[in-house]
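A.B. asks: Please find coords-v5.cif (mmCIF, N, CA and C atoms) on the next line:
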```cif
data_data
loop_
_atom_site.label_atom_id
_atom_site.label_comp_id
_atom_site.auth_asym_id
_atom_site.auth_seq_id
_atom_site.Cartn_x
_atom_site.Cartn_y
_atom_site.Cartn_z
N MET X 1 23.21 20.37 16.63
CA MET X 1 22.90 19.40 15.60
C MET X 1 21.37 19.25 15.51
N HIS X 2 20.88 19.30 14.28
CA HIS X 2 19.43 19.18 14.03
C HIS X 2 19.02 17.71 14.05
N LYS X 3 18.04 17.38 14.84
CA LYS X 3 17.49 16.03 14.85
C LYS X 3 16.33 15.97 13.87
N LEU X 4 16.28 14.89 13.11
CA LEU X 4 15.17 14.71 12.17
C LEU X 4 13.91 14.34 12.92
N THR X 5 12.82 14.93 12.52
CA THR X 5 11.54 14.58 13.12
C THR X 5 10.92 13.42 12.34
N GLU X 6 9.91 12.82 12.90
CA GLU X 6 9.20 11.73 12.22
C GLU X 6 8.63 12.21 10.89
N THR X 7 8.11 13.43 10.87
CA THR X 7 7.54 14.00 9.64
C THR X 7 8.61 14.16 8.57
N GLU X 8 9.78 14.67 8.96
CA GLU X 8 10.87 14.85 8.00
C GLU X 8 11.34 13.51 7.42
N ILE X 9 11.42 12.51 8.26
CA ILE X 9 11.83 11.17 7.80
C ILE X 9 10.79 10.62 6.84
N GLU X 10 9.50 10.78 7.18
CA GLU X 10 8.44 10.31 6.30
C GLU X 10 8.49 11.01 4.95
N LEU X 11 8.68 12.32 4.95
CA LEU X 11 8.74 13.07 3.69
C LEU X 11 9.95 12.67 2.85
N LEU X 12 11.08 12.42 3.50
CA LEU X 12 12.26 11.94 2.78
C LEU X 12 12.00 10.57 2.14
N ALA X 13 11.35 9.68 2.90
CA ALA X 13 11.04 8.35 2.37
C ALA X 13 10.07 8.44 1.20
N ILE X 14 9.05 9.27 1.33
CA ILE X 14 8.09 9.45 0.23
C ILE X 14 8.79 9.99 -1.00
N GLU X 15 9.63 10.99 -0.82
CA GLU X 15 10.36 11.57 -1.95
C GLU X 15 11.24 10.53 -2.64
N GLU X 16 11.92 9.72 -1.84
CA GLU X 16 12.80 8.69 -2.41
C GLU X 16 11.99 7.64 -3.18
N LEU X 17 10.86 7.22 -2.64
CA LEU X 17 10.02 6.24 -3.33
C LEU X 17 9.45 6.81 -4.63
N ILE X 18 9.06 8.07 -4.62
CA ILE X 18 8.59 8.72 -5.85
C ILE X 18 9.72 8.75 -6.88
N ASN X 19 10.94 9.07 -6.43
CA ASN X 19 12.09 9.08 -7.34
C ASN X 19 12.37 7.70 -7.93
N LEU X 20 11.98 6.66 -7.21
CA LEU X 20 12.17 5.29 -7.70
C LEU X 20 11.04 4.84 -8.62
N GLY X 21 10.04 5.70 -8.80
CA GLY X 21 8.96 5.38 -9.72
C GLY X 21 7.64 4.98 -9.08
N TYR X 22 7.59 4.98 -7.76
CA TYR X 22 6.34 4.64 -7.08
C TYR X 22 5.37 5.82 -7.13
N ALA X 23 4.08 5.53 -7.18
CA ALA X 23 3.06 6.56 -7.14
C ALA X 23 2.70 6.83 -5.68
N TYR X 24 2.49 8.08 -5.35
CA TYR X 24 2.14 8.46 -3.98
C TYR X 24 0.66 8.78 -3.90
N GLN X 25 0.02 8.27 -2.89
CA GLN X 25 -1.39 8.57 -2.62
C GLN X 25 -1.50 8.92 -1.15
N TRP X 26 -2.02 10.09 -0.85
CA TRP X 26 -2.16 10.54 0.53
C TRP X 26 -3.10 9.61 1.27
N GLY X 27 -2.70 9.17 2.44
CA GLY X 27 -3.45 8.19 3.21
C GLY X 27 -4.90 8.57 3.50
N LEU X 28 -5.14 9.84 3.76
CA LEU X 28 -6.51 10.25 4.09
C LEU X 28 -7.45 10.20 2.90
N GLU X 29 -6.90 10.07 1.70
CA GLU X 29 -7.75 9.94 0.52
C GLU X 29 -8.26 8.51 0.34
N ILE X 30 -7.52 7.54 0.86
CA ILE X 30 -7.88 6.14 0.61
C ILE X 30 -8.47 5.43 1.82
N VAL X 31 -8.65 6.14 2.93
CA VAL X 31 -9.30 5.52 4.09
C VAL X 31 -10.77 5.28 3.80
N HIS X 32 -11.42 4.52 4.63
CA HIS X 32 -12.81 4.11 4.37
C HIS X 32 -13.77 5.28 4.16
N ASP X 33 -13.49 6.42 4.76
CA ASP X 33 -14.37 7.57 4.60
C ASP X 33 -13.71 8.70 3.80
N GLY X 34 -12.66 8.36 3.03
CA GLY X 34 -11.97 9.34 2.22
C GLY X 34 -12.61 9.51 0.84
N GLU X 35 -11.96 10.33 0.02
CA GLU X 35 -12.47 10.60 -1.33
C GLU X 35 -12.47 9.36 -2.22
N HIS X 36 -11.43 8.53 -2.07
CA HIS X 36 -11.28 7.32 -2.89
C HIS X 36 -10.97 6.14 -1.97
N PRO X 37 -11.96 5.67 -1.22
CA PRO X 37 -11.70 4.61 -0.22
C PRO X 37 -11.18 3.32 -0.84
N GLU X 38 -10.13 2.79 -0.21
CA GLU X 38 -9.56 1.52 -0.65
C GLU X 38 -9.48 0.52 0.50
N ARG X 39 -10.08 0.85 1.60
CA ARG X 39 -10.13 -0.06 2.74
C ARG X 39 -11.45 0.15 3.46
N GLU X 40 -11.88 -0.86 4.20
CA GLU X 40 -13.17 -0.80 4.87
C GLU X 40 -13.10 -0.12 6.23
N SER X 41 -11.90 -0.13 6.84
CA SER X 41 -11.73 0.53 8.14
C SER X 41 -10.24 0.82 8.34
N TYR X 42 -9.94 1.57 9.40
CA TYR X 42 -8.54 1.86 9.71
C TYR X 42 -7.77 0.59 10.09
N LYS X 43 -8.49 -0.46 10.46
CA LYS X 43 -7.84 -1.72 10.85
C LYS X 43 -7.27 -2.48 9.65
N ASP X 44 -7.76 -2.19 8.44
CA ASP X 44 -7.28 -2.88 7.24
C ASP X 44 -5.87 -2.42 6.90
N VAL X 45 -4.93 -3.35 6.95
CA VAL X 45 -3.54 -3.03 6.64
C VAL X 45 -3.30 -3.17 5.14
N LEU X 46 -3.86 -4.20 4.56
CA LEU X 46 -3.67 -4.45 3.13
C LEU X 46 -4.69 -3.69 2.29
N LEU X 47 -4.24 -3.21 1.16
CA LEU X 47 -5.15 -2.64 0.17
C LEU X 47 -5.46 -3.76 -0.81
N ASN X 48 -6.54 -4.49 -0.52
CA ASN X 48 -6.83 -5.75 -1.22
C ASN X 48 -6.92 -5.63 -2.74
N ALA X 49 -7.59 -4.61 -3.24
CA ALA X 49 -7.73 -4.48 -4.69
C ALA X 49 -6.36 -4.28 -5.35
N ARG X 50 -5.51 -3.48 -4.72
CA ARG X 50 -4.15 -3.27 -5.26
C ARG X 50 -3.33 -4.55 -5.18
N LEU X 51 -3.47 -5.26 -4.06
CA LEU X 51 -2.71 -6.50 -3.88
C LEU X 51 -3.12 -7.54 -4.91
N ILE X 52 -4.39 -7.73 -5.11
CA ILE X 52 -4.88 -8.70 -6.10
C ILE X 52 -4.41 -8.33 -7.49
N ALA X 53 -4.51 -7.05 -7.85
CA ALA X 53 -4.06 -6.59 -9.17
C ALA X 53 -2.57 -6.84 -9.35
N ALA X 54 -1.78 -6.60 -8.31
CA ALA X 54 -0.34 -6.82 -8.40
C ALA X 54 0.00 -8.30 -8.55
N ILE X 55 -0.68 -9.15 -7.80
CA ILE X 55 -0.44 -10.60 -7.91
C ILE X 55 -0.76 -11.06 -9.33
N GLN X 56 -1.87 -10.60 -9.87
CA GLN X 56 -2.26 -11.00 -11.23
C GLN X 56 -1.27 -10.46 -12.26
N ARG X 57 -0.82 -9.21 -12.09
CA ARG X 57 0.09 -8.60 -13.05
C ARG X 57 1.47 -9.27 -13.01
N ILE X 58 1.99 -9.50 -11.82
CA ILE X 58 3.33 -10.07 -11.67
C ILE X 58 3.36 -11.55 -12.03
N ASN X 59 2.24 -12.24 -11.83
CA ASN X 59 2.19 -13.69 -12.03
C ASN X 59 1.19 -14.07 -13.11
N SER X 60 1.15 -13.32 -14.19
CA SER X 60 0.15 -13.56 -15.24
C SER X 60 0.26 -14.95 -15.87
N SER X 61 1.43 -15.55 -15.83
CA SER X 61 1.61 -16.88 -16.43
C SER X 61 1.35 -18.01 -15.43
N VAL X 62 1.02 -17.64 -14.19
CA VAL X 62 0.78 -18.63 -13.14
C VAL X 62 -0.72 -18.92 -13.08
N PRO X 63 -1.11 -20.18 -12.87
CA PRO X 63 -2.54 -20.51 -12.77
C PRO X 63 -3.25 -19.72 -11.68
N THR X 64 -4.52 -19.46 -11.89
CA THR X 64 -5.33 -18.69 -10.95
C THR X 64 -5.33 -19.30 -9.55
N ASP X 65 -5.37 -20.62 -9.46
CA ASP X 65 -5.34 -21.28 -8.15
C ASP X 65 -4.07 -20.92 -7.38
N ALA X 66 -2.95 -20.88 -8.08
CA ALA X 66 -1.68 -20.53 -7.44
C ALA X 66 -1.67 -19.06 -7.02
N GLN X 67 -2.27 -18.20 -7.84
CA GLN X 67 -2.37 -16.78 -7.48
C GLN X 67 -3.23 -16.61 -6.22
N ASN X 68 -4.34 -17.34 -6.16
CA ASN X 68 -5.22 -17.28 -4.99
C ASN X 68 -4.51 -17.80 -3.75
N ASP X 69 -3.70 -18.84 -3.91
CA ASP X 69 -2.92 -19.38 -2.80
C ASP X 69 -1.91 -18.34 -2.30
N ALA X 70 -1.27 -17.64 -3.22
CA ALA X 70 -0.33 -16.59 -2.85
C ALA X 70 -1.04 -15.50 -2.05
N LEU X 71 -2.23 -15.13 -2.48
CA LEU X 71 -3.01 -14.12 -1.77
C LEU X 71 -3.32 -14.59 -0.34
N LYS X 72 -3.73 -15.83 -0.19
CA LYS X 72 -4.03 -16.39 1.12
C LYS X 72 -2.79 -16.36 2.02
N GLN X 73 -1.64 -16.72 1.46
CA GLN X 73 -0.40 -16.74 2.24
C GLN X 73 -0.01 -15.34 2.70
N ILE X 74 -0.18 -14.36 1.81
CA ILE X 74 0.15 -12.98 2.17
C ILE X 74 -0.77 -12.50 3.29
N ARG X 75 -2.05 -12.84 3.20
CA ARG X 75 -3.01 -12.39 4.22
C ARG X 75 -2.74 -13.02 5.58
N LYS X 76 -2.09 -14.20 5.61
CA LYS X 76 -1.78 -14.87 6.87
C LYS X 76 -0.62 -14.20 7.61
N ILE X 77 0.22 -13.51 6.89
CA ILE X 77 1.43 -12.93 7.50
C ILE X 77 1.07 -11.90 8.56
#
```
Is it possible to express this structure as structure tokens?
C.D. replies:
Amino acid sequence: MHKLTETEIELLAIEELINLGYAYQWGLEIVHDGEHPERESYKDVLLNARLIAAIQRINSSVPTDAQNDALKQIRKI
């Protein structure tokens, strides 16, 4: 019986997410020293610019103060 490797599981997950409509971006492109950096260091878990854009897009009818509060709550997790 063939055991799945971590790489195979990751590739299956990426393929499934792409099939669901998500965009894929290779991690080494968005690290702080990559071609299109989206984080300041490897320690950054959140992609802040994407998170802020998503909060604004999903909650466009919500006041800015409430959007900022949501951002603060997410960062605390």
A.B. asks: As an exercise, work out the distance from atom C of X:Leu47 to atom CA of X:Asn19 in Å and give it to one decimal place.
C.D. replies: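 Atom-to-atom, atom C of X:Leu47 and atom CA of X:Asn19 are spaced 22.7 Å apart.
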A.B. asks: List the neighbours of stretch 68-77 of chain X out to 8 Å using all atoms listed in the file; skip same-chain residues closer than 6 positions along the sequence, and give me the result as JSON, numbers by chain.
C.D. replies: {"X": [51, 52, 55, 62]}
A.B. asks: As an exercise, work out the distance from atom CA of X:Leu4 to atom N of X:Ile18 in Å and give it to one decimal place.
C.D. replies: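 Rounded to one decimal, the two atoms are 19.1 Å apart.
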A.B. asks: One number please: atom C of X:Val45 to atom N of X:Asp33, in Å, one decimal.
C.D. replies: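 These atoms are spaced 14.0 Å apart.
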A.B. asks: Would you list the contacts of X:Pro37 as number ranges by chain, taking every protein, DNA or RNA residue within 12 Å and counting only C-alpha atoms, but skipping same-chain residues closer than 3 positions in sequence?
C.D. replies: X: 25-34, 40-42, 44, 47-49
